[in-house]
Amino acid sequence: PQINPLTSLLEVQLDGLPLAGRRLDAVDGTKNGSFKVDLPADKIKPNSKLQVRFQLDPRERRSCNRALDQQLWGTVHADTQFDLKRENLAQLPDLKLLQVGYPFAAPQDLSQTAIVLPKAPNPSELLLLLEVSERLGRLSQAESIKLSAYRADKLPAEVQKTQHLVAIGERSRFPLPDAFQSAGFNLETLFERQRDGATIRTLPDVEGVAKQLVSPWNGDRMLLALTGQSSTGIQQLQALFEQDALFYQLREDTVLISANDAAVQTNSPDAYTLEFLQQARQHTILSEANWRDRLMQRVGGYWLLLIPGMILIALLMYGIGQAWLNRYPTHEKQ
């Protein structure tokens, strides 16, 4: 093959945006060439697509400016490798991690997650159950799913203590009322809500609320509360889990979703307004961390005290050594 080294290139794109490129300047082509690209970790999303684009222009053109490029081709070989730097630390609660299913889809078969419904769930709550289950199933890569669901009166105490929980229900019939004893934004009875230390009453209150918090029954498990003062709020949450454009905006630990003008189509992301709140203090949870990572996590917040501490220990050891030498002085031989 004869390629034009001035216009032929190899380009790597992430979600349609160029990351890096390289000119193909070998006229006779290259066999088993290599190209290293640094992928921006903060730009990679669960639904991101990586594309490799070859722009191969022939060296010679025929009449009518028609390019004959059928004899030119590029190949991405099977030995291409990806080196992804995994983080073993996660700051929770954080709804942004829910975009990849964490922690509810860890492990991938959802065996450590349970969904809890009111004793007699209404149609809106059941539809939200289906939307949440579908979303978690799409995020999971397991061949089999072991997600369990319980009514509030049938929830085993062992499951409540040992698993991540997703609680669904209107505020007046919420299956796990202990979730509203936590700090930060909370829905109260009689259309009241608690926010920033104040209690206000909103009529009508049609917003849906998704709040992630540490489980009151196990400090190493998370609870996702999906609620609203009415069935309308539950319906807003259905759209949050159904539409990718809304779901992949999740962040902070609490999100309020409300519908906009009724004239806007409900399947459009413009039909809803999202408000995000960070109410709870995040704490670090270790996942698949070895002893080195655990040690670094323990010491990570005390680097400024580490050096003075080492100096003090050295001075202490020096003082002990001097005291021992003074107690047992050496005598020169006569």
# chains A, B, ... in the order shown; residues from 1 in each chain; ligands from 1
>>> residues_around(residues="Asp109 of chain A", least_positions_apart="5", cutoff="12 Å", atoms="only C-alpha atoms", output="CSV table (one decimal) with C-alpha atoms, in the first residue's frame")
chain,number,residue,atom,x,y,z
A,101,GLY,CA,-24.0,0.4,40.6
A,103,PRO,CA,-22.1,-0.3,46.3
A,104,PHE,CA,-25.4,-2.1,45.5
A,114,ALA,CA,-32.3,-6.3,49.1
A,133,SER,CA,-34.4,-3.6,39.3
A,136,LEU,CA,-29.3,-2.5,38.6
A,137,GLY,CA,-29.6,-5.4,36.2
A,138,ARG,CA,-28.2,-3.3,33.3
A,139,LEU,CA,-25.3,-2.1,35.5
A,140,SER,CA,-24.5,-5.7,36.5
A,141,GLN,CA,-22.3,-7.9,34.4
A,142,ALA,CA,-23.2,-11.2,36.2
A,143,GLU,CA,-24.7,-14.1,34.3
A,144,SER,CA,-27.2,-14.7,37.1
A,145,ILE,CA,-28.9,-12.2,39.4
A,146,LYS,CA,-29.7,-12.9,43.1
A,147,LEU,CA,-31.4,-9.7,43.9
A,148,SER,CA,-34.1,-10.1,46.6
>>> select_by_dssp(residues="segment 78-235 of chain A", states="alpha helix (DSSP H)", output="list in words")
Pro123, Ser124, Glu125, Leu126, Leu127, Leu128, Leu129, Leu130, Glu131, Val132, Ser133, Glu134, Arg135, Leu136, Gly137, Arg138, Leu139, Ala157, Glu158, Val159, Gln160, Lys161, Thr162, Ser231, Thr232, Gly233, Ile234 and Gln235 of chain A
>>> closest_residue(among="A:Gln279, A:Thr273, A:Thr227, A:Gln243", to="Glu125 of chain A", atoms="only C-alpha atoms")
A:Thr227
>>> closest_residue(among="A:Val209, A:Leu98, A:Leu187, A:Leu223", to="Gln249 of chain A", atoms="only C-alpha atoms")
A:Leu98
>>> residues_around(residues="segment 40-44 of chain A", least_positions_apart="3", cutoff="12 Å", atoms="only C-alpha atoms", output="JSON, numbers by chain")
{"A": [13, 14, 15, 17, 18, 19, 20, 37, 47, 48, 49, 50, 83, 84, 85, 86, 87, 99, 100]}
>>> atom_distance(atom1="atom CA of Leu24 of chain A", atom2="atom CA of Gln51 of chain A")
17.3 Å
>>> residues_around(residues="Gly233 of chain A", least_positions_apart="5", cutoff="7 Å", atoms="only C-alpha atoms", output="list of chain:residue names")
A:Val206, A:Glu207, A:Gly208, A:Gly228
>>> residues_around(residues="Gln81 of chain A", least_positions_apart="3", cutoff="12 Å", atoms="only C-alpha atoms", output="number ranges by chain")
A: 34-37, 76-78, 84
>>> write_last_selection(atoms="C-alpha atoms", output="CSV table (one decimal), in the first residue's frame")
chain,number,residue,atom,x,y,z
A,34,SER,CA,2.3,0.6,18.7
A,35,PHE,CA,0.7,3.8,20.0
A,36,LYS,CA,0.3,4.6,23.8
A,37,VAL,CA,-2.5,6.8,24.8
A,76,VAL,CA,-6.4,-3.0,15.9
A,77,HIS,CA,-4.6,-6.1,17.0
A,78,ALA,CA,-5.9,-8.5,19.6
A,84,LEU,CA,-6.9,0.9,34.2
